[in-house]
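Read the structure below first, then the notes.
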Amino acid sequence: MSSMNKLSATIRTFHSSAARFKKNVEFTAVRYPYLKRGNYSFLSDRHLGFFQSILSPHQVLTDEFNDLSGYNVDWMHSVRGSSRLVLRPKTTEEVGAILQYCNAQNIAVCPQGGNTGLVGGSVPVFDEVIMSLGLMDAVISVDELSGIAIVQAGCVLEKLETILHLNNLTLPLDLGAKGSCQIGGNVATNAGGIRLLRYGNLHGSVLGLTAVLANGQIMDCLSTNKKDNTGYDLKQLFIGSEGTLGVVTQVALHCPSKPTSVQVGFFGINSFDNVLETLRLSKQNLGEILSSCELIDASSWNCVTSLLKLKSPVNYFPFYILLETSGSNADHDAEKLNSLLEMLLKNGTIVDGTIAVDSTQATSLWALRERIAEALASEGYVYKYDVSVPIRQFYQLVDVMRARLEKLPIRCCGYGHLGDGNLHLNITSQEYSSELLNKIEPFVYDWVSRQRGSVSAEHGLGLKKRDYIEYTKSPTSVHWMRRMKKLFDPNNILNPYKIFPGTLNE
Ligand code: FAD
Ligand code: MLT
Ligand code: ZN
């Protein structure tokens, strides 16, 4: 067993400030010339005058070169809009007044949270007005007894976590972007992350929410009841709707008790069969305390250790598994994890492994998994795929793509939420290449569809995956989704060009 060296601390905050966007990112409209601007109004002085009359000066940003660049470009540096206006409401009522006006004036709007989305959904495609929720960041109430937190949508996840911890509660979701992403963005994308295995997804944890519809109407679904069977559960429509049905302004979240004992193990494994065996035995032996089971392949490991210079306590292996337990009895949990480690080493399922002795070491082990996205982004352009596949086929797609792409990319790697059947297949090249893209898509989606998987397990469809919705959803489902969109947003002003292929008016 390796002993754990002192490892560097993780950095979990990602900024969408202008400073990050010195690199010239091609305009989306140029890169994808088949996208056509909808017949929306162009922003005029009259429109601007209205927004300035209902908001304070710092809530209306118009400086194209300084204020707006961070809002127009996504975290991946892969899409770029040309919005000339960012509005920063502070209340649900302000959101209502803005949308009512935009709807009446036929102005397209792109809602934006922390701008950490990975599918091009959070930035405008053309000149849509950006509605940034960042000033709506209040934690309204936290109740330890019921475990219910009520928050404004723009609250950054990490800030909410800190406050919950002070109340002996924790978040039911956790993700590498938590230093920047907002709870409203999480709800709008139905974010998954590293604790879904334990606490399920946001369709279960969100008890209620307030959403402002395209016409400015405020829909109050901010229930805090865990059980409520009075008709249709409309809040569910907004969870995962990616800003296309309404703007989420408040969320009531059911939060579990903060675990008093968190243990993290990191294992080196020689074959994918043994990865599956490790998962099986972990579920069997750790039972209710298992909170994460994440996979890292050698290429992803190589990327974080070489490009970000993170130290690994376990040497080179084809695969690594990061296991986390969360419970309430440190002795009991440590004994369980240690016995598992011993058993896996003894029967040869794993070859090397370590267990963090304190929270600093645990954080360092997590960095090896959570900073993969950042390491890959530093390599150049990333073709990012986030798929659900049956667990036995989890890694096959990476092998299939490597054989197909041969030496075209710099890297083709796989990592992800093994315990949830959610693979992150990532391919990198120095710069964006349409030749490489065409070799990957639609092949990759076709492959996933044949396994009856999902072409988007957690990141959503946004702009980048919208043309592939029917690889997972039936034509009848897509038809009813379109009808729902039409019902909620008849003028299609909310995040147009996203989720659905073509234009909604077709
Ligand atoms: P944004 O990126 O700003 O927006 C995302 C979408 O939601 C857009 O369509 C936008 O229009 C819409 N939206 C935002 N706020 C609102 C609102 N208040 N009302 C209505 N619509 C809104 N995702 C995962 O699921 N699991 C992970 O483990 C994970 N890890 C990540 C790690 C890194 C390093 C990064 C960069 C991203 C990761 N993501 C992950 C993706 C991303 O963080 C999530 O999708 C997150 O939920 C987006 O939140 P956001 O506030 O940044 O939203
Ligand atoms: C992750 O699990 O690390 C995120 O979903 C980001 C990514 O897919 O790279
Ligand atoms: Zn993920």
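Ordering of the structure tokens sets the chain letters (A, B, ...); residue numbers start at 1 within each chain; ligands are numbered from 1 in the order shown.
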Kindly compile the residues surrounding ligand 2 within 8 Å, counting only C-alpha atoms and all ligand atoms, and format them as a JSON list (two decimals) with C-alpha atoms, in the first residue's frame.
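result-v5.json was written with the following content:
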[["chain", "number", "residue", "atom", "x", "y", "z"],
["A", 118, "LEU", "CA", -20.35, 22.65, -20.84],
["A", 175, "LEU", "CA", -19.40, 19.28, -8.43],
["A", 176, "GLY", "CA", -15.99, 20.51, -9.45],
["A", 192, "GLY", "CA", -25.48, 15.56, -11.33],
["A", 193, "GLY", "CA", -22.00, 15.51, -9.86],
["A", 194, "ILE", "CA", -20.12, 13.33, -7.46],
["A", 369, "ARG", "CA", -10.55, 13.52, -10.20],
["A", 370, "GLU", "CA", -12.22, 16.93, -10.08],
["A", 371, "ARG", "CA", -9.53, 18.87, -11.93],
["A", 372, "ILE", "CA", -9.49, 16.64, -15.00],
["A", 373, "ALA", "CA", -11.84, 19.01, -16.86],
["A", 374, "GLU", "CA", -9.51, 21.93, -16.13],
["A", 384, "LYS", "CA", -16.66, 16.74, -24.56],
["A", 385, "TYR", "CA", -19.11, 13.86, -24.33],
["A", 386, "ASP", "CA", -21.16, 13.09, -21.28],
["A", 415, "TYR", "CA", -13.45, 9.26, -16.62],
["A", 416, "GLY", "CA", -16.63, 9.88, -14.73],
["A", 417, "HIS", "CA", -19.31, 8.84, -12.37],
["A", 424, "HIS", "CA", -17.15, 11.45, -19.60],
["A", 425, "LEU", "CA", -15.47, 10.72, -22.92],
["A", 426, "ASN", "CA", -13.11, 13.58, -23.78],
["A", 458, "GLU", "CA", -25.77, 15.46, -16.80],
["A", 459, "HIS", "CA", -24.56, 18.46, -18.81]]
Based on DSSP run over this structure's backbone, return all residues of segment 327-474 of chain A in strand (DSSP E), as JSON, numbers by chain.
{"A": [327, 352, 353, 354, 355, 381, 382, 383, 384, 385, 386, 387, 388, 411, 412, 413, 414, 415, 416, 417, 422, 423, 424, 425, 426, 427, 428, 429]}
Pull N, CA and C atoms from the residues just selected and write them as a PDB file, in the first residue's frame.
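What landed in result.pdb:
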ATOM      1  N   GLY A 327     -20.512   9.138   6.538  1.00  0.00           N
ATOM      2  CA  GLY A 327     -21.323   8.523   7.590  1.00  0.00           C
ATOM      3  C   GLY A 327     -21.248   9.310   8.874  1.00  0.00           C
ATOM      4  N   ASP A 352      -2.888  -1.510  -6.019  1.00  0.00           N
ATOM      5  CA  ASP A 352      -2.323  -0.547  -5.080  1.00  0.00           C
ATOM      6  C   ASP A 352      -3.467   0.340  -4.603  1.00  0.00           C
ATOM      7  N   GLY A 353      -3.314   0.897  -3.435  1.00  0.00           N
ATOM      8  CA  GLY A 353      -4.387   1.767  -2.953  1.00  0.00           C
ATOM      9  C   GLY A 353      -3.971   2.522  -1.720  1.00  0.00           C
ATOM     10  N   THR A 354      -4.674   3.614  -1.484  1.00  0.00           N
ATOM     11  CA  THR A 354      -4.375   4.412  -0.303  1.00  0.00           C
ATOM     12  C   THR A 354      -5.666   4.995   0.254  1.00  0.00           C
ATOM     13  N   ILE A 355      -5.658   5.257   1.546  1.00  0.00           N
ATOM     14  CA  ILE A 355      -6.815   5.921   2.164  1.00  0.00           C
ATOM     15  C   ILE A 355      -6.319   7.204   2.821  1.00  0.00           C
ATOM     16  N   TYR A 381      -8.400  22.490 -27.567  1.00  0.00           N
ATOM     17  CA  TYR A 381      -9.847  22.381 -27.745  1.00  0.00           C
ATOM     18  C   TYR A 381     -10.304  21.015 -27.236  1.00  0.00           C
ATOM     19  N   VAL A 382     -11.444  21.009 -26.506  1.00  0.00           N
ATOM     20  CA  VAL A 382     -11.948  19.736 -25.964  1.00  0.00           C
ATOM     21  C   VAL A 382     -13.292  19.381 -26.602  1.00  0.00           C
ATOM     22  N   TYR A 383     -13.373  18.167 -27.151  1.00  0.00           N
ATOM     23  CA  TYR A 383     -14.638  17.605 -27.640  1.00  0.00           C
ATOM     24  C   TYR A 383     -15.146  16.790 -26.465  1.00  0.00           C
ATOM     25  N   LYS A 384     -16.236  17.286 -25.854  1.00  0.00           N
ATOM     26  CA  LYS A 384     -16.660  16.744 -24.558  1.00  0.00           C
ATOM     27  C   LYS A 384     -17.938  15.939 -24.703  1.00  0.00           C
ATOM     28  N   TYR A 385     -17.915  14.721 -24.260  1.00  0.00           N
ATOM     29  CA  TYR A 385     -19.108  13.863 -24.327  1.00  0.00           C
ATOM     30  C   TYR A 385     -19.414  13.345 -22.943  1.00  0.00           C
ATOM     31  N   ASP A 386     -20.699  13.383 -22.636  1.00  0.00           N
ATOM     32  CA  ASP A 386     -21.160  13.086 -21.281  1.00  0.00           C
ATOM     33  C   ASP A 386     -22.333  12.139 -21.446  1.00  0.00           C
ATOM     34  N   VAL A 387     -22.065  10.842 -21.379  1.00  0.00           N
ATOM     35  CA  VAL A 387     -23.101   9.888 -21.787  1.00  0.00           C
ATOM     36  C   VAL A 387     -23.452   8.918 -20.669  1.00  0.00           C
ATOM     37  N   SER A 388     -24.696   8.426 -20.720  1.00  0.00           N
ATOM     38  CA  SER A 388     -25.093   7.309 -19.865  1.00  0.00           C
ATOM     39  C   SER A 388     -24.991   6.055 -20.698  1.00  0.00           C
ATOM     40  N   ARG A 411      -5.454  13.468 -27.445  1.00  0.00           N
ATOM     41  CA  ARG A 411      -5.813  12.555 -26.368  1.00  0.00           C
ATOM     42  C   ARG A 411      -7.271  12.115 -26.505  1.00  0.00           C
ATOM     43  N   CYS A 412      -7.527  10.880 -26.163  1.00  0.00           N
ATOM     44  CA  CYS A 412      -8.909  10.392 -26.099  1.00  0.00           C
ATOM     45  C   CYS A 412      -8.988   9.663 -24.763  1.00  0.00           C
ATOM     46  N   CYS A 413      -9.744  10.213 -23.823  1.00  0.00           N
ATOM     47  CA  CYS A 413      -9.717   9.623 -22.485  1.00  0.00           C
ATOM     48  C   CYS A 413     -11.125   9.471 -21.911  1.00  0.00           C
ATOM     49  N   GLY A 414     -11.212   8.712 -20.825  1.00  0.00           N
ATOM     50  CA  GLY A 414     -12.513   8.476 -20.195  1.00  0.00           C
ATOM     51  C   GLY A 414     -12.390   8.564 -18.685  1.00  0.00           C
ATOM     52  N   TYR A 415     -13.361   9.195 -18.071  1.00  0.00           N
ATOM     53  CA  TYR A 415     -13.448   9.256 -16.616  1.00  0.00           C
ATOM     54  C   TYR A 415     -14.913   9.466 -16.284  1.00  0.00           C
ATOM     55  N   GLY A 416     -15.245   9.524 -15.024  1.00  0.00           N
ATOM     56  CA  GLY A 416     -16.628   9.876 -14.726  1.00  0.00           C
ATOM     57  C   GLY A 416     -17.230   9.152 -13.554  1.00  0.00           C
ATOM     58  N   HIS A 417     -18.542   9.274 -13.528  1.00  0.00           N
ATOM     59  CA  HIS A 417     -19.314   8.835 -12.373  1.00  0.00           C
ATOM     60  C   HIS A 417     -19.702   7.371 -12.572  1.00  0.00           C
ATOM     61  N   ASN A 422     -22.280   6.951 -15.731  1.00  0.00           N
ATOM     62  CA  ASN A 422     -22.117   8.204 -16.494  1.00  0.00           C
ATOM     63  C   ASN A 422     -20.645   8.404 -16.876  1.00  0.00           C
ATOM     64  N   LEU A 423     -20.376   8.136 -18.166  1.00  0.00           N
ATOM     65  CA  LEU A 423     -19.003   8.256 -18.677  1.00  0.00           C
ATOM     66  C   LEU A 423     -18.752   9.645 -19.249  1.00  0.00           C
ATOM     67  N   HIS A 424     -17.602  10.245 -18.917  1.00  0.00           N
ATOM     68  CA  HIS A 424     -17.146  11.453 -19.600  1.00  0.00           C
ATOM     69  C   HIS A 424     -16.060  11.052 -20.588  1.00  0.00           C
ATOM     70  N   LEU A 425     -16.442  10.994 -21.861  1.00  0.00           N
ATOM     71  CA  LEU A 425     -15.470  10.720 -22.925  1.00  0.00           C
ATOM     72  C   LEU A 425     -14.965  12.073 -23.404  1.00  0.00           C
ATOM     73  N   ASN A 426     -13.670  12.289 -23.346  1.00  0.00           N
ATOM     74  CA  ASN A 426     -13.113  13.583 -23.777  1.00  0.00           C
ATOM     75  C   ASN A 426     -12.014  13.359 -24.791  1.00  0.00           C
ATOM     76  N   ILE A 427     -12.041  14.195 -25.810  1.00  0.00           N
ATOM     77  CA  ILE A 427     -11.055  14.100 -26.881  1.00  0.00           C
ATOM     78  C   ILE A 427     -10.467  15.496 -27.038  1.00  0.00           C
ATOM     79  N   THR A 428      -9.150  15.594 -27.167  1.00  0.00           N
ATOM     80  CA  THR A 428      -8.565  16.945 -27.274  1.00  0.00           C
ATOM     81  C   THR A 428      -7.757  17.095 -28.560  1.00  0.00           C
ATOM     82  N   SER A 429      -7.726  18.323 -29.043  1.00  0.00           N
ATOM     83  CA  SER A 429      -6.833  18.657 -30.164  1.00  0.00           C
ATOM     84  C   SER A 429      -6.307  20.064 -29.894  1.00  0.00           C
TER      85      SER A 429
END
Residues flagged alpha helix (DSSP H) by DSSP in segment 230-371 of chain A, as an MDAnalysis selection string
chainID A and resid 235:238 272:286 298:307 330:346 359:370
Top pick for closest residue to ligand 1, considering A:Glu294, A:Glu161, A:Asp74, A:Glu242 and counting only C-alpha atoms and all ligand atoms:
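Smallest distance to ligand 1 is found for A:Glu242.
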Which residues are close to Phe126 of chain A, i.e. within 9 Å by only C-alpha atoms, leaving aside same-chain residues fewer than 2 positions away? Reply as a PyMOL selection string.
chain A and resi 27-29+36-37+80-83+124+128
Go ahead and save the residues from that selection, with N, CA and C atoms, as a JSON list (two decimals), in the first residue's frame.
[["chain", "number", "residue", "atom", "x", "y", "z"],
["A", 27, "PHE", "N", -16.54, 33.50, -33.06],
["A", 27, "PHE", "CA", -17.98, 33.70, -32.84],
["A", 27, "PHE", "C", -18.74, 32.43, -33.26],
["A", 28, "THR", "N", -19.72, 32.07, -32.48],
["A", 28, "THR", "CA", -20.55, 30.88, -32.78],
["A", 28, "THR", "C", -21.16, 31.00, -34.17],
["A", 29, "ALA", "N", -21.62, 32.21, -34.50],
["A", 29, "ALA", "CA", -22.28, 32.41, -35.79],
["A", 29, "ALA", "C", -21.32, 32.18, -36.96],
["A", 36, "LYS", "N", -29.07, 30.27, -37.99],
["A", 36, "LYS", "CA", -29.62, 31.55, -38.48],
["A", 36, "LYS", "C", -30.28, 32.32, -37.35],
["A", 37, "ARG", "N", -29.99, 33.60, -37.30],
["A", 37, "ARG", "CA", -30.60, 34.45, -36.26],
["A", 37, "ARG", "C", -32.11, 34.49, -36.43],
["A", 80, "ARG", "N", -19.08, 31.60, -28.65],
["A", 80, "ARG", "CA", -19.01, 33.03, -28.32],
["A", 80, "ARG", "C", -20.18, 33.78, -28.95],
["A", 81, "GLY", "N", -20.94, 34.43, -28.11],
["A", 81, "GLY", "CA", -22.04, 35.23, -28.61],
["A", 81, "GLY", "C", -21.61, 36.67, -28.79],
["A", 82, "SER", "N", -22.57, 37.49, -29.24],
["A", 82, "SER", "CA", -22.22, 38.90, -29.45],
["A", 82, "SER", "C", -23.26, 39.81, -28.80],
["A", 83, "SER", "N", -23.66, 39.42, -27.58],
["A", 83, "SER", "CA", -24.62, 40.24, -26.86],
["A", 83, "SER", "C", -24.02, 41.60, -26.53],
["A", 124, "PRO", "N", -25.09, 33.56, -25.22],
["A", 124, "PRO", "CA", -25.92, 33.78, -26.40],
["A", 124, "PRO", "C", -25.29, 33.19, -27.66],
["A", 128, "GLU", "N", -28.55, 37.80, -28.22],
["A", 128, "GLU", "CA", -29.55, 37.75, -27.16],
["A", 128, "GLU", "C", -29.09, 38.57, -25.93]]
Shell around segment 197-199 of chain A at 9 Å using only C-alpha atoms, local window under 6 positions removed, as a list in words:
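Here the answer would be Pro172, Leu173, Ser205, Pro256, Glu288, Ile289, Leu290, Ser291, Ser292, Cys293, His417, Gly419 and Asp420 of chain A.
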Grab the residues selected above and save them as an mmCIF file, in the first residue's frame with N, CA and C atoms.
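Result saved to part.cif:
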data_model
loop_
_atom_site.group_PDB
_atom_site.id
_atom_site.type_symbol
_atom_site.label_atom_id
_atom_site.label_comp_id
_atom_site.auth_asym_id
_atom_site.auth_seq_id
_atom_site.Cartn_x
_atom_site.Cartn_y
_atom_site.Cartn_z
ATOM 1 N N PRO A 172 -27.002 18.198 -1.208
ATOM 2 C CA PRO A 172 -27.197 16.874 -1.810
ATOM 3 C C PRO A 172 -26.444 16.726 -3.131
ATOM 4 N N LEU A 173 -25.822 17.815 -3.593
ATOM 5 C CA LEU A 173 -25.042 17.714 -4.835
ATOM 6 C C LEU A 173 -23.696 18.398 -4.642
ATOM 7 N N SER A 205 -34.372 16.273 -4.797
ATOM 8 C CA SER A 205 -33.931 17.167 -3.704
ATOM 9 C C SER A 205 -34.594 18.540 -3.734
ATOM 10 N N PRO A 256 -29.366 16.993 3.243
ATOM 11 C CA PRO A 256 -29.096 15.958 4.249
ATOM 12 C C PRO A 256 -28.248 16.495 5.398
ATOM 13 N N GLU A 288 -24.696 1.518 2.848
ATOM 14 C CA GLU A 288 -25.306 2.844 2.964
ATOM 15 C C GLU A 288 -24.303 3.978 3.121
ATOM 16 N N ILE A 289 -23.032 3.690 3.434
ATOM 17 C CA ILE A 289 -22.087 4.818 3.611
ATOM 18 C C ILE A 289 -21.354 5.198 2.318
ATOM 19 N N LEU A 290 -21.515 4.405 1.276
ATOM 20 C CA LEU A 290 -20.843 4.743 0.001
ATOM 21 C C LEU A 290 -21.443 6.036 -0.555
ATOM 22 N N SER A 291 -20.606 7.053 -0.788
ATOM 23 C CA SER A 291 -21.174 8.305 -1.323
ATOM 24 C C SER A 291 -20.641 8.672 -2.704
ATOM 25 N N SER A 292 -19.507 8.090 -3.138
ATOM 26 C CA SER A 292 -19.006 8.349 -4.502
ATOM 27 C C SER A 292 -18.211 7.160 -4.988
ATOM 28 N N CYS A 293 -18.321 6.897 -6.284
ATOM 29 C CA CYS A 293 -17.464 5.885 -6.889
ATOM 30 C C CYS A 293 -17.107 6.404 -8.288
ATOM 31 N N HIS A 417 -18.542 9.274 -13.528
ATOM 32 C CA HIS A 417 -19.314 8.835 -12.373
ATOM 33 C C HIS A 417 -19.702 7.371 -12.572
ATOM 34 N N GLY A 419 -20.270 4.911 -10.633
ATOM 35 C CA GLY A 419 -21.383 4.397 -9.838
ATOM 36 C C GLY A 419 -22.745 4.746 -10.422
ATOM 37 N N ASP A 420 -22.814 5.756 -11.275
ATOM 38 C CA ASP A 420 -24.083 6.164 -11.893
ATOM 39 C C ASP A 420 -24.145 5.801 -13.370
#
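Reported to one decimal place, the separation of atom 31 (C, counted along the ligand's line) of ligand 1 from atom CA of Gly114 of chain A is 11.4 Å.
In terms of minimum interatomic distance to Lys309 of chain A, A:Ala367 ranks closest within A:Leu279, A:Ala367, A:Leu323, A:Val73, counting only C-alpha atoms.
Nearest residue to ligand 3, choosing from A:Ala177, A:Leu166, A:Leu234, A:Ile493 and counting only C-alpha atoms and all ligand atoms: A:Ala177.
Closest to Met481 of chain A among A:Thr260, A:Asn215, A:Ser69, A:Ser241 is A:Ser241, based on only C-alpha atoms.
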Can you measure atom CA of Cys102 of chain A to atom CA of Val151 of chain A for me? One decimal in Å is fine.
25.7 Å
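Distance annotation: of A:Ser282, A:Gly380, A:Leu322, A:Gly460, the residue with the minimal separation from Tyr432 of chain A is A:Gly380; atom set is only C-alpha atoms.
The closest residue to Asn347 of chain A, picked from A:Thr363, A:Glu93, A:Thr278, A:Asn315 and counting only C-alpha atoms, is A:Thr278.
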